[in-house]
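Chemist: This is the content of structure-v7.cif (mmCIF, C-alpha atoms and all ligand atoms):
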```cif
data_entry
loop_
_atom_site.label_atom_id
_atom_site.label_comp_id
_atom_site.auth_asym_id
_atom_site.auth_seq_id
_atom_site.Cartn_x
_atom_site.Cartn_y
_atom_site.Cartn_z
CA MET L 176 21.46 214.87 53.16
CA ARG L 177 20.90 217.49 55.86
CA THR L 178 23.37 218.16 58.66
CA VAL L 179 20.60 217.87 61.25
CA TYR L 180 17.03 216.59 60.94
CA TRP L 181 14.10 215.05 62.75
CA ASP L 182 13.51 211.37 62.05
CA TYR L 183 9.70 211.09 61.86
CA GLU L 184 9.75 207.31 62.24
CA SER L 185 11.80 207.07 65.43
CA ASN L 186 10.95 210.60 66.69
CA THR L 187 14.61 211.31 67.34
CA VAL L 188 17.07 214.02 66.33
CA LYS L 189 19.70 212.85 63.85
CA LEU L 190 22.86 214.68 62.91
CA ILE L 191 26.11 214.10 61.07
CA ASP L 192 28.89 213.51 63.60
CA GLN L 193 31.33 216.16 62.38
CA ARG L 194 34.02 215.21 64.89
CA LYS L 195 34.78 212.18 62.73
CA LEU L 196 34.83 213.81 59.30
CA PRO L 197 36.43 213.53 56.79
CA PHE L 198 37.61 210.06 57.80
CA VAL L 199 34.33 208.52 58.94
CA TYR L 200 30.83 209.52 57.86
CA GLU L 201 28.43 208.67 60.67
CA VAL L 202 24.96 209.87 61.62
CA ALA L 203 24.34 210.13 65.38
CA GLU L 204 20.85 209.70 66.84
CA PHE L 205 19.51 211.34 70.00
CA ALA L 206 16.36 210.51 71.95
CA ASP L 207 17.14 212.78 74.92
CA TYR L 208 17.42 216.57 74.71
CA LYS L 209 20.27 216.53 77.25
CA ASP L 210 22.31 214.49 74.77
CA VAL L 211 21.36 216.99 72.07
CA ALA L 212 22.85 219.72 74.30
CA ARG L 213 25.97 217.61 74.70
CA SER L 214 26.19 217.10 70.93
CA ILE L 215 26.40 220.89 70.61
CA SER L 216 29.00 221.45 73.34
CA GLU L 217 31.14 218.51 72.16
CA MET L 218 30.84 219.71 68.56
CA TYR L 219 29.23 216.73 66.89
CA VAL L 220 27.33 219.60 65.32
CA ARG L 221 28.80 223.08 64.98
CA GLY L 222 28.30 226.26 62.98
CA ALA L 223 25.86 228.89 64.19
CA PRO L 224 22.79 228.09 62.01
CA ALA L 225 23.22 224.32 62.49
CA ILE L 226 23.43 224.84 66.24
CA GLY L 227 20.22 226.91 66.14
CA ALA L 228 18.27 224.26 64.22
CA THR L 229 19.62 221.51 66.48
CA ALA L 230 18.48 223.39 69.59
CA ALA L 231 15.04 223.92 68.06
CA PHE L 232 14.72 220.15 67.50
CA GLY L 233 16.09 219.64 71.03
CA MET L 234 13.17 221.65 72.41
CA ALA L 235 10.72 219.55 70.37
CA LEU L 236 12.36 216.45 71.82
CA ALA L 237 12.10 217.81 75.38
CA ALA L 238 8.37 218.32 74.88
CA ARG L 239 7.99 214.70 73.73
CA GLN L 240 10.05 213.35 76.63
CA SER L 241 7.88 215.13 79.17
CA ASN L 242 5.11 213.19 80.91
CA ALA L 243 3.25 216.39 81.75
CA THR L 244 -0.48 216.40 81.18
CA MET L 245 -1.02 220.03 82.18
CA LYS L 246 0.40 222.88 80.14
CA HIS L 247 1.88 224.78 83.10
CA LYS L 248 3.90 221.70 84.07
CA LEU L 249 5.11 221.21 80.50
CA MET L 250 6.17 224.89 80.38
CA ARG L 251 8.27 224.45 83.53
CA GLU L 252 10.02 221.47 81.96
CA LEU L 253 10.56 223.32 78.71
CA GLU L 254 12.15 226.21 80.58
CA GLU L 255 14.53 223.76 82.23
CA ALA L 256 15.35 222.23 78.81
CA ALA L 257 15.86 225.74 77.39
CA SER L 258 18.42 226.62 80.04
CA ILE L 259 20.34 223.35 79.50
CA LEU L 260 20.38 223.78 75.72
CA ASN L 261 21.25 227.49 75.99
CA ALA L 262 24.30 226.70 78.10
CA ALA L 263 25.78 224.37 75.45
CA ARG L 264 27.80 227.07 73.67
CA PRO L 265 27.76 230.79 74.42
CA THR L 266 28.81 232.67 71.29
CA ALA L 267 26.44 231.63 68.48
CA VAL L 268 23.29 233.68 69.02
CA ASN L 269 21.27 231.31 66.82
CA LEU L 270 21.10 229.01 69.83
CA SER L 271 19.16 231.42 72.05
CA TRP L 272 17.31 232.81 69.01
CA ALA L 273 15.83 229.38 68.21
CA ILE L 274 15.16 228.47 71.85
CA THR L 275 13.42 231.79 72.55
CA ARG L 276 11.21 231.31 69.49
CA GLN L 277 10.26 227.84 70.74
CA LEU L 278 9.49 229.04 74.29
CA GLN L 279 7.38 231.93 73.01
CA LEU L 280 5.43 229.59 70.75
CA ALA L 281 4.84 227.06 73.53
CA GLY L 282 3.59 229.82 75.80
CA ASP L 283 1.05 231.08 73.27
CA ASP L 284 -2.52 230.75 74.56
CA ILE L 285 -3.73 229.29 71.27
CA TYR L 286 -2.07 226.03 72.35
CA GLN L 287 -4.08 224.75 75.31
CA SER L 288 -3.25 221.04 75.40
CA VAL L 289 0.21 219.57 75.89
CA ASP L 290 -0.17 217.64 72.64
CA ASP L 291 -0.86 220.89 70.76
CA VAL L 292 2.35 222.33 72.19
CA ARG L 293 4.35 219.22 71.26
CA GLN L 294 3.08 219.37 67.70
CA ALA L 295 3.67 223.12 67.39
CA LEU L 296 7.27 222.85 68.65
CA LEU L 297 8.10 220.16 66.12
CA GLU L 298 6.51 222.15 63.31
CA LEU L 299 8.46 225.29 64.21
CA ALA L 300 11.74 223.35 64.47
CA GLN L 301 11.07 221.90 61.03
CA GLN L 302 10.30 225.37 59.69
CA ILE L 303 13.52 226.82 61.18
CA ALA L 304 15.46 224.02 59.46
CA ASP L 305 13.66 224.40 56.11
CA ASP L 306 13.98 228.19 56.17
CA ASP L 307 17.68 227.91 56.88
CA VAL L 308 18.25 226.00 53.65
CA GLU L 309 16.13 228.37 51.61
CA LEU L 310 17.63 231.55 52.99
CA ASN L 311 21.16 230.22 52.59
CA ARG L 312 20.36 229.79 48.91
CA ARG L 313 19.16 233.39 48.82
CA MET L 314 22.33 234.63 50.58
CA GLY L 315 24.44 232.63 48.16
CA PHE L 316 22.69 234.28 45.25
CA ASN L 317 23.04 237.74 46.85
CA GLY L 318 26.73 237.26 47.61
CA ALA L 319 27.67 235.67 44.28
CA GLU L 320 27.49 239.10 42.65
CA LEU L 321 30.66 239.99 44.60
CA ILE L 322 32.62 237.21 42.89
CA SER L 323 34.13 237.70 39.45
CA ASP L 324 35.30 235.09 37.01
CA GLY L 325 38.89 234.17 37.88
CA ASP L 326 38.71 235.28 41.53
CA THR L 327 40.62 233.66 44.36
CA ILE L 328 38.65 233.66 47.59
CA LEU L 329 40.18 233.32 51.05
CA HIS L 330 37.89 231.40 53.41
CA HIS L 331 38.13 230.69 57.15
CA CYS L 332 36.67 227.82 59.23
CA ASN L 333 33.73 225.86 57.80
CA THR L 334 30.65 227.76 56.72
CA GLY L 335 29.16 225.23 54.33
CA ALA L 336 26.32 222.71 54.43
CA LEU L 337 27.85 221.27 57.59
CA ALA L 338 27.71 224.61 59.45
CA THR L 339 24.06 225.09 58.52
CA VAL L 340 21.17 222.74 57.81
CA ASP L 341 22.27 222.64 54.18
CA TRP L 342 24.12 224.73 51.57
CA GLY L 343 25.97 227.20 53.81
CA THR L 344 26.74 230.89 54.35
CA ALA L 345 30.15 232.09 53.08
CA LEU L 346 30.79 228.74 51.45
CA GLY L 347 27.24 228.96 50.08
CA VAL L 348 28.28 232.14 48.21
CA ILE L 349 31.22 230.20 46.77
CA PHE L 350 28.93 227.32 45.74
CA ALA L 351 26.53 229.80 44.09
CA ALA L 352 29.35 231.50 42.16
CA ALA L 353 30.58 228.09 40.98
CA GLU L 354 27.05 227.11 39.98
CA GLN L 355 26.89 230.28 37.87
CA GLY L 356 29.86 228.93 35.94
CA LYS L 357 32.45 231.32 37.38
CA ASN L 358 35.96 229.99 37.35
CA ILE L 359 37.09 230.42 40.97
CA HIS L 360 39.76 229.18 43.32
CA VAL L 361 39.51 228.96 47.13
CA LEU L 362 42.35 229.27 49.64
CA VAL L 363 41.14 227.27 52.64
CA ASP L 364 42.51 228.25 56.05
CA GLU L 365 43.11 225.06 58.01
CA THR L 366 41.59 226.79 61.10
CA ARG L 367 43.51 225.60 64.14
CA PRO L 368 42.78 224.24 66.67
CA ARG L 369 39.70 222.26 65.54
CA LEU L 370 40.73 222.23 61.87
CA GLN L 371 37.26 222.91 60.50
CA GLY L 372 38.88 224.22 57.30
CA ALA L 373 41.23 221.28 56.80
CA ARG L 374 38.69 218.61 57.72
CA LEU L 375 35.31 219.96 56.65
CA THR L 376 35.65 222.79 54.12
CA THR L 377 38.04 220.81 51.92
CA TRP L 378 35.65 217.84 52.14
CA GLU L 379 32.75 219.95 50.90
CA LEU L 380 34.74 221.69 48.13
CA GLN L 381 36.10 218.36 46.93
CA GLN L 382 32.60 216.93 46.62
CA ARG L 383 31.55 219.92 44.52
CA ASP L 384 34.65 219.78 42.37
CA ILE L 385 35.62 223.38 43.16
CA SER L 386 39.29 224.28 42.80
CA PHE L 387 41.06 224.91 46.14
CA ASP L 388 44.27 224.70 48.11
CA LEU L 389 44.50 224.12 51.84
CA ILE L 390 46.82 226.62 53.55
CA ALA L 391 48.23 226.91 57.06
CA ASP L 392 46.47 229.74 58.90
CA ASN L 393 49.79 231.53 59.13
CA ALA L 394 50.08 231.66 55.33
CA ALA L 395 46.99 233.83 54.78
CA GLY L 396 48.86 237.15 55.23
CA HIS L 397 51.49 236.11 52.69
CA PHE L 398 48.87 235.30 50.06
CA MET L 399 47.10 238.60 50.67
CA ARG L 400 50.23 240.77 50.58
CA THR L 401 51.46 239.15 47.38
CA GLY L 402 48.24 239.91 45.49
CA GLN L 403 46.93 236.34 45.37
CA VAL L 404 43.57 237.00 47.07
CA ASN L 405 40.66 238.98 45.57
CA ILE L 406 38.15 238.74 48.40
CA VAL L 407 37.85 237.32 51.93
CA LEU L 408 34.58 235.56 52.84
CA VAL L 409 33.77 234.37 56.36
CA GLY L 410 30.71 233.50 58.45
CA SER L 411 29.63 234.91 61.81
CA ASP L 412 28.41 233.44 65.07
CA ARG L 413 27.02 236.72 66.30
CA THR L 414 26.97 240.16 64.73
CA ALA L 415 26.31 243.15 67.00
CA GLY L 416 23.95 245.96 66.04
CA ASN L 417 26.85 248.18 64.94
CA GLY L 418 28.24 245.54 62.55
CA ASP L 419 31.04 244.17 64.77
CA VAL L 420 31.37 240.50 63.85
CA ALA L 421 32.23 237.59 66.16
CA ASN L 422 33.52 234.62 64.20
CA LYS L 423 35.99 231.76 64.44
CA ILE L 424 39.25 232.69 66.12
CA GLY L 425 41.63 234.18 63.55
CA THR L 426 38.99 236.11 61.63
CA TYR L 427 40.07 239.46 63.12
CA LYS L 428 43.64 238.99 61.91
CA LEU L 429 42.38 238.24 58.40
CA ALA L 430 40.21 241.36 58.36
CA VAL L 431 43.05 243.65 59.45
CA VAL L 432 45.46 242.22 56.88
CA ALA L 433 42.76 242.42 54.20
CA ARG L 434 42.25 246.13 54.96
CA GLU L 435 46.01 246.75 54.91
CA ASN L 436 46.15 245.22 51.42
CA GLY L 437 42.96 246.77 50.01
CA ILE L 438 41.13 243.43 49.81
CA PRO L 439 37.35 243.44 50.43
CA PHE L 440 36.25 241.56 53.56
CA TYR L 441 32.65 240.28 53.66
CA PRO L 442 31.01 238.24 56.44
CA VAL L 443 28.01 236.24 55.15
CA VAL L 444 25.40 236.35 57.87
CA PRO L 445 21.77 235.22 58.09
CA THR L 446 19.82 237.85 60.03
CA SER L 447 19.14 235.20 62.71
CA THR L 448 22.82 235.74 63.61
CA VAL L 449 22.41 239.50 64.07
CA ASP L 450 21.96 240.48 67.73
CA LEU L 451 20.40 243.95 67.68
CA LEU L 452 20.25 243.89 71.49
CA LEU L 453 24.04 244.19 71.61
CA ALA L 454 25.37 247.67 70.82
CA HIS L 455 28.90 246.50 69.99
CA GLY L 456 31.08 243.42 69.69
CA ASP L 457 32.77 243.70 73.09
CA LEU L 458 29.44 242.63 74.61
CA ILE L 459 29.49 239.31 72.72
CA PRO L 460 30.39 236.38 75.02
CA ILE L 461 33.49 234.63 73.73
CA GLU L 462 33.65 230.91 74.38
CA GLU L 463 36.92 229.62 75.81
CA ARG L 464 37.25 225.92 75.09
CA ASN L 465 39.39 223.21 76.66
CA GLN L 466 43.14 223.85 76.45
CA ASN L 467 43.70 220.33 75.15
CA GLU L 468 42.35 221.44 71.77
CA VAL L 469 45.51 223.58 71.49
CA LEU L 470 47.87 221.19 73.24
CA MET L 471 46.91 218.37 70.87
CA ALA L 472 46.17 217.93 67.18
CA ILE L 473 43.40 215.38 66.64
CA ASP L 474 44.11 213.40 69.82
CA ARG L 475 47.92 213.51 69.51
CA PRO L 476 50.02 215.69 71.85
CA ILE L 477 52.06 218.37 70.06
CA ALA L 478 53.55 220.13 73.09
CA PRO L 479 55.42 219.16 76.26
CA SER L 480 53.13 217.75 78.93
CA GLY L 481 52.31 219.93 81.92
CA ILE L 482 52.19 223.27 80.08
CA THR L 483 49.10 225.48 79.83
CA ALA L 484 47.35 226.91 76.79
CA ARG L 485 44.62 229.48 76.06
CA ASN L 486 41.86 228.60 73.64
CA PRO L 487 39.36 231.35 72.77
CA ALA L 488 37.13 229.85 70.06
CA PHE L 489 36.03 233.17 68.53
CA ASP L 490 37.22 236.73 68.10
CA VAL L 491 35.52 240.02 67.30
CA THR L 492 36.26 241.99 64.15
CA PRO L 493 35.35 245.67 64.60
CA HIS L 494 32.97 246.91 61.92
CA ARG L 495 35.50 249.39 60.51
CA TYR L 496 37.26 246.43 58.85
CA VAL L 497 34.03 245.07 57.34
CA THR L 498 33.41 246.08 53.72
CA GLY L 499 29.83 244.80 53.73
CA ILE L 500 27.66 242.07 55.25
CA VAL L 501 25.85 239.62 52.97
CA THR L 502 22.40 238.70 54.35
CA GLU L 503 19.27 237.08 52.94
CA SER L 504 17.83 240.61 52.68
CA GLY L 505 20.69 241.77 50.44
CA ILE L 506 24.21 243.10 50.95
CA VAL L 507 24.33 245.55 53.86
CA TYR L 508 26.86 248.41 53.70
CA PRO L 509 27.72 251.07 56.31
CA PRO L 510 26.25 252.68 58.27
CA PHE L 511 25.64 249.22 59.73
CA GLN L 512 23.74 250.51 62.75
CA ARG L 513 20.86 251.65 60.58
CA ASN L 514 21.17 249.26 57.65
CA LEU L 515 21.51 246.03 59.63
CA ARG L 516 18.31 246.82 61.53
CA ALA L 517 16.54 247.41 58.22
CA ALA L 518 17.83 244.04 56.92
CA VAL L 519 16.59 242.23 60.03
CA GLU L 520 13.17 243.88 59.77
CA ALA L 521 12.90 243.10 56.05
CA SER L 522 13.66 239.46 56.80
CA GLN L 523 11.04 239.36 59.56
CA ARG L 524 8.52 240.64 57.00
CA GLY L 525 9.52 237.67 54.82
CA GLU L 526 10.78 239.82 51.94
CA TRP L 527 13.56 237.38 51.06
CA ARG L 528 10.92 234.70 50.41
CA GLN L 529 9.02 236.91 48.00
CA ARG L 530 12.14 237.35 45.90
CA ASN L 531 12.62 233.58 45.47
O1 LIG L 601 33.31 226.54 66.45
P1 LIG L 601 32.47 226.39 65.23
O2 LIG L 601 32.98 225.38 64.27
O3 LIG L 601 31.02 226.19 65.59
O4 LIG L 601 32.57 227.79 64.51
C1 LIG L 601 31.86 228.02 63.33
C2 LIG L 601 32.16 229.34 62.75
O5 LIG L 601 32.93 230.11 63.27
C3 LIG L 601 31.40 229.74 61.52
O6 LIG L 601 32.14 230.66 60.79
C4 LIG L 601 30.07 230.36 61.95
O7 LIG L 601 29.31 229.49 62.71
C5 LIG L 601 29.25 230.91 60.89
S1 LIG L 601 29.09 229.99 59.42
C6 LIG L 601 27.68 229.18 59.37
#
```
Write out the structure in this file as structure tokens.
Modeler:
Amino acid sequence: MRTVYWDYESNTVKLIDQRKLPFVYEVAEFADYKDVARSISEMYVRGAPAIGATAAFGMALAARQSNATMKHKLMRELEEAASILNAARPTAVNLSWAITRQLQLAGDDIYQSVDDVRQALLELAQQIADDDVELNRRMGFNGAELISDGDTILHHCNTGALATVDWGTALGVIFAAAEQGKNIHVLVDETRPRLQGARLTTWELQQRDISFDLIADNAAGHFMRTGQVNIVLVGSDRTAGNGDVANKIGTYKLAVVARENGIPFYPVVPTSTVDLLLAHGDLIPIEERNQNEVLMAIDRPIAPSGITARNPAFDVTPHRYVTGIVTESGIVYPPFQRNLRAAVEASQRGEWRQRN
């Protein structure tokens, strides 16, 4: 089952409603691209690659919803849809990456009729989704070489099948290591305030019968200092050209404590998440979400009423704390400036496919 997909019978976008997991498993259906945008901002679907694929399908849906008979009119409507989808969440670059690819394709002169454009947008969205699964497998294989038999891995947020179209990034490395028969244990950060670790990562690990313990975010430093962690694996929502990594709030603290304790820290990052246009991480827009996510825990107040809270959803880890970055093109080590660009270019040439 994929996290997000196109239903070819109803011509709608379907996705697992992650707000309800692990208690209720429900697939939501969308026939309007504006609702697809809302499903991203309200986090029915979350995780950078899943958001990218969802937006790509959202663009295909916008093309189908349009009554335009002339291409220039369809393009105007697609640009409007692109700006609505782009505004859904600011940090994950996969969103604008997928939307830009769709707009460029639609604008290509080889597609003259509006029906050609509609068909092409759906085909590209499907390809983005299919590629995501395949390249996650490749990243999992690449990253599994970092994991030794008997390792304990510290993991933050949810980076599994639910954060992607299927399989996952950092969690995908863990799945690959388990598949290779390595005996591993995962310490799962609960990941306040949205509890992606407690709700989603545990759910995925349980289904795969991988050994784990859920820990409070505040416990991670203790486990690292007392020698109970061999490696830290996380995802990324946007990685700048110099290797600075924006990821779920709390990642920076993990990286600093990992460095202090000599523990390797590896983000697992498809090259679609690398933003070579940004020189460093301070240029990455950081989403600030509603304060109620902090003031409440799953719909229940946990603080006095009338107080205020701050709720940045992501933080930036400077590249000096990053041991290496696992991509579909291989594991990238410093100097990141040069080597990340090479990894992106290798992926654009399709080299990761040839190795499958
Ligand atoms: O706010 P979320 O749940 O969308 O945040 C997700 C993450 O921070 C993941 O680590 C990231 O998207 C990369 S993993 C696929």
Chemist: Select, from L:Thr401, L:Thr178, L:Asn486, L:Ser288, the residue with the minimum atom-to-atom distance to Val340 in chain L, counting all atoms listed in the file.
Modeler: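 Among L:Thr401, L:Thr178, L:Asn486, L:Ser288, it is L:Thr178 that comes nearest to Val340 in chain L.
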Chemist: Using all atoms listed in the file - which residues lie no farther than 10 Å from the point (19.6, 221.6, 63.0) in the file's frame? Write them as a short mmCIF file (atom, residue, chain, number, x, y, z; two decimals) with C-alpha atoms, keeping the file's coordinate frame.
Modeler:
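Listed below is the output, point_6.cif:
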```
data_model
loop_
_atom_site.label_atom_id
_atom_site.label_comp_id
_atom_site.auth_asym_id
_atom_site.auth_seq_id
_atom_site.Cartn_x
_atom_site.Cartn_y
_atom_site.Cartn_z
CA ARG L 177 20.90 217.49 55.86
CA THR L 178 23.37 218.16 58.66
CA VAL L 179 20.60 217.87 61.25
CA TYR L 180 17.03 216.59 60.94
CA TRP L 181 14.10 215.05 62.75
CA VAL L 188 17.07 214.02 66.33
CA LYS L 189 19.70 212.85 63.85
CA LEU L 190 22.86 214.68 62.91
CA VAL L 220 27.33 219.60 65.32
CA ARG L 221 28.80 223.08 64.98
CA GLY L 222 28.30 226.26 62.98
CA ALA L 223 25.86 228.89 64.19
CA PRO L 224 22.79 228.09 62.01
CA ALA L 225 23.22 224.32 62.49
CA ILE L 226 23.43 224.84 66.24
CA GLY L 227 20.22 226.91 66.14
CA ALA L 228 18.27 224.26 64.22
CA THR L 229 19.62 221.51 66.48
CA ALA L 230 18.48 223.39 69.59
CA ALA L 231 15.04 223.92 68.06
CA PHE L 232 14.72 220.15 67.50
CA GLY L 233 16.09 219.64 71.03
CA ALA L 300 11.74 223.35 64.47
CA GLN L 301 11.07 221.90 61.03
CA ILE L 303 13.52 226.82 61.18
CA ALA L 304 15.46 224.02 59.46
CA ASP L 305 13.66 224.40 56.11
CA ASP L 307 17.68 227.91 56.88
CA LEU L 337 27.85 221.27 57.59
CA ALA L 338 27.71 224.61 59.45
CA THR L 339 24.06 225.09 58.52
CA VAL L 340 21.17 222.74 57.81
CA ASP L 341 22.27 222.64 54.18
#
```
Chemist: Counting all atoms listed in the file, what are the residues, protein, DNA or RNA alike, that approach ligand LIG 601 (chain L) to within 9 Å? I want them as a PyMOL selection string.
Modeler: chain L and resi 215+218+220-226+264+266-267+331-339+343-346+369-371+409-413+421-424+426+442-445+448+488-489
Chemist: Write out the residues from the selection above, keeping C-alpha atoms, as a compact mmCIF listing (two decimals), in the frame of the given file.
Modeler:
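Output saved as part_12.txt:
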```txt
# COMPACT_ATOMS: atom_id res chain seq x y z
CA ILE L 215 26.40 220.89 70.61
CA MET L 218 30.84 219.71 68.56
CA VAL L 220 27.33 219.60 65.32
CA ARG L 221 28.80 223.08 64.98
CA GLY L 222 28.30 226.26 62.98
CA ALA L 223 25.86 228.89 64.19
CA PRO L 224 22.79 228.09 62.01
CA ALA L 225 23.22 224.32 62.49
CA ILE L 226 23.43 224.84 66.24
CA ARG L 264 27.80 227.07 73.67
CA THR L 266 28.81 232.67 71.29
CA ALA L 267 26.44 231.63 68.48
CA HIS L 331 38.13 230.69 57.15
CA CYS L 332 36.67 227.82 59.23
CA ASN L 333 33.73 225.86 57.80
CA THR L 334 30.65 227.76 56.72
CA GLY L 335 29.16 225.23 54.33
CA ALA L 336 26.32 222.71 54.43
CA LEU L 337 27.85 221.27 57.59
CA ALA L 338 27.71 224.61 59.45
CA THR L 339 24.06 225.09 58.52
CA GLY L 343 25.97 227.20 53.81
CA THR L 344 26.74 230.89 54.35
CA ALA L 345 30.15 232.09 53.08
CA LEU L 346 30.79 228.74 51.45
CA ARG L 369 39.70 222.26 65.54
CA LEU L 370 40.73 222.23 61.87
CA GLN L 371 37.26 222.91 60.50
CA VAL L 409 33.77 234.37 56.36
CA GLY L 410 30.71 233.50 58.45
CA SER L 411 29.63 234.91 61.81
CA ASP L 412 28.41 233.44 65.07
CA ARG L 413 27.02 236.72 66.30
CA ALA L 421 32.23 237.59 66.16
CA ASN L 422 33.52 234.62 64.20
CA LYS L 423 35.99 231.76 64.44
CA ILE L 424 39.25 232.69 66.12
CA THR L 426 38.99 236.11 61.63
CA PRO L 442 31.01 238.24 56.44
CA VAL L 443 28.01 236.24 55.15
CA VAL L 444 25.40 236.35 57.87
CA PRO L 445 21.77 235.22 58.09
CA THR L 448 22.82 235.74 63.61
CA ALA L 488 37.13 229.85 70.06
CA PHE L 489 36.03 233.17 68.53
```
Chemist: I'd like the contact shell of range 248-254 of chain L - 10 Å cut-off, only C-alpha atoms, skipping same-chain residues fewer than 5 positions apart - returned as a ChimeraX atom specification.
Modeler: /L:234-243,259-260,274-275,277-278,281-282,288-289,292-293
Chemist: Include C-alpha atoms and write out the residues we just selected as an mmCIF file, in the frame of the given file.
Modeler:
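After the write, again17.cif holds the following:
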```
data_model
loop_
_atom_site.group_PDB
_atom_site.id
_atom_site.type_symbol
_atom_site.label_atom_id
_atom_site.label_comp_id
_atom_site.auth_asym_id
_atom_site.auth_seq_id
_atom_site.Cartn_x
_atom_site.Cartn_y
_atom_site.Cartn_z
ATOM 1 C CA MET L 234 13.170 221.650 72.410
ATOM 2 C CA ALA L 235 10.720 219.550 70.370
ATOM 3 C CA LEU L 236 12.360 216.450 71.820
ATOM 4 C CA ALA L 237 12.100 217.810 75.380
ATOM 5 C CA ALA L 238 8.370 218.320 74.880
ATOM 6 C CA ARG L 239 7.990 214.700 73.730
ATOM 7 C CA GLN L 240 10.050 213.350 76.630
ATOM 8 C CA SER L 241 7.880 215.130 79.170
ATOM 9 C CA ASN L 242 5.110 213.190 80.910
ATOM 10 C CA ALA L 243 3.250 216.390 81.750
ATOM 11 C CA ILE L 259 20.340 223.350 79.500
ATOM 12 C CA LEU L 260 20.380 223.780 75.720
ATOM 13 C CA ILE L 274 15.160 228.470 71.850
ATOM 14 C CA THR L 275 13.420 231.790 72.550
ATOM 15 C CA GLN L 277 10.260 227.840 70.740
ATOM 16 C CA LEU L 278 9.490 229.040 74.290
ATOM 17 C CA ALA L 281 4.840 227.060 73.530
ATOM 18 C CA GLY L 282 3.590 229.820 75.800
ATOM 19 C CA SER L 288 -3.250 221.040 75.400
ATOM 20 C CA VAL L 289 0.210 219.570 75.890
ATOM 21 C CA VAL L 292 2.350 222.330 72.190
ATOM 22 C CA ARG L 293 4.350 219.220 71.260
#
```
Chemist: So the first atom is CA of Gly505 in chain L and the second is CA of Leu310 in chain L; what is the distance between them in Å, to one decimal place?
Modeler: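 Interatomic distance, CA of Gly505 in chain L to CA of Leu310 in chain L: 11.0 Å.
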Chemist: What gap, in Å, lies between CA of Ile385 in chain L and CA of Val497 in chain L?
Modeler: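 Spanning CA of Ile385 in chain L to CA of Val497 in chain L is a straight-line distance of 26.0 Å.
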Chemist: Separation of CA of Ser216 in chain L and CA of Leu270 in chain L, in Å?
Modeler: 11.5 Å
Chemist: Would you mind listing what lies within 7 Å of range 511-517 of chain L as a list in words, with only C-alpha atoms counted and same-chain residues fewer than 2 positions away left out?
Modeler: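 Here the answer would be Gly416, Asn417, Gly418, Val507, Tyr508, Pro509, Val519, Glu520 and Ala521 of chain L.
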Chemist: Measuring between only C-alpha atoms, which one of L:Val404, L:Val268, L:Ala472, L:Ala373 shows the shortest distance to Thr446 in chain L?
Modeler: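 For Thr446 in chain L, the nearest of the given residues is L:Val268.
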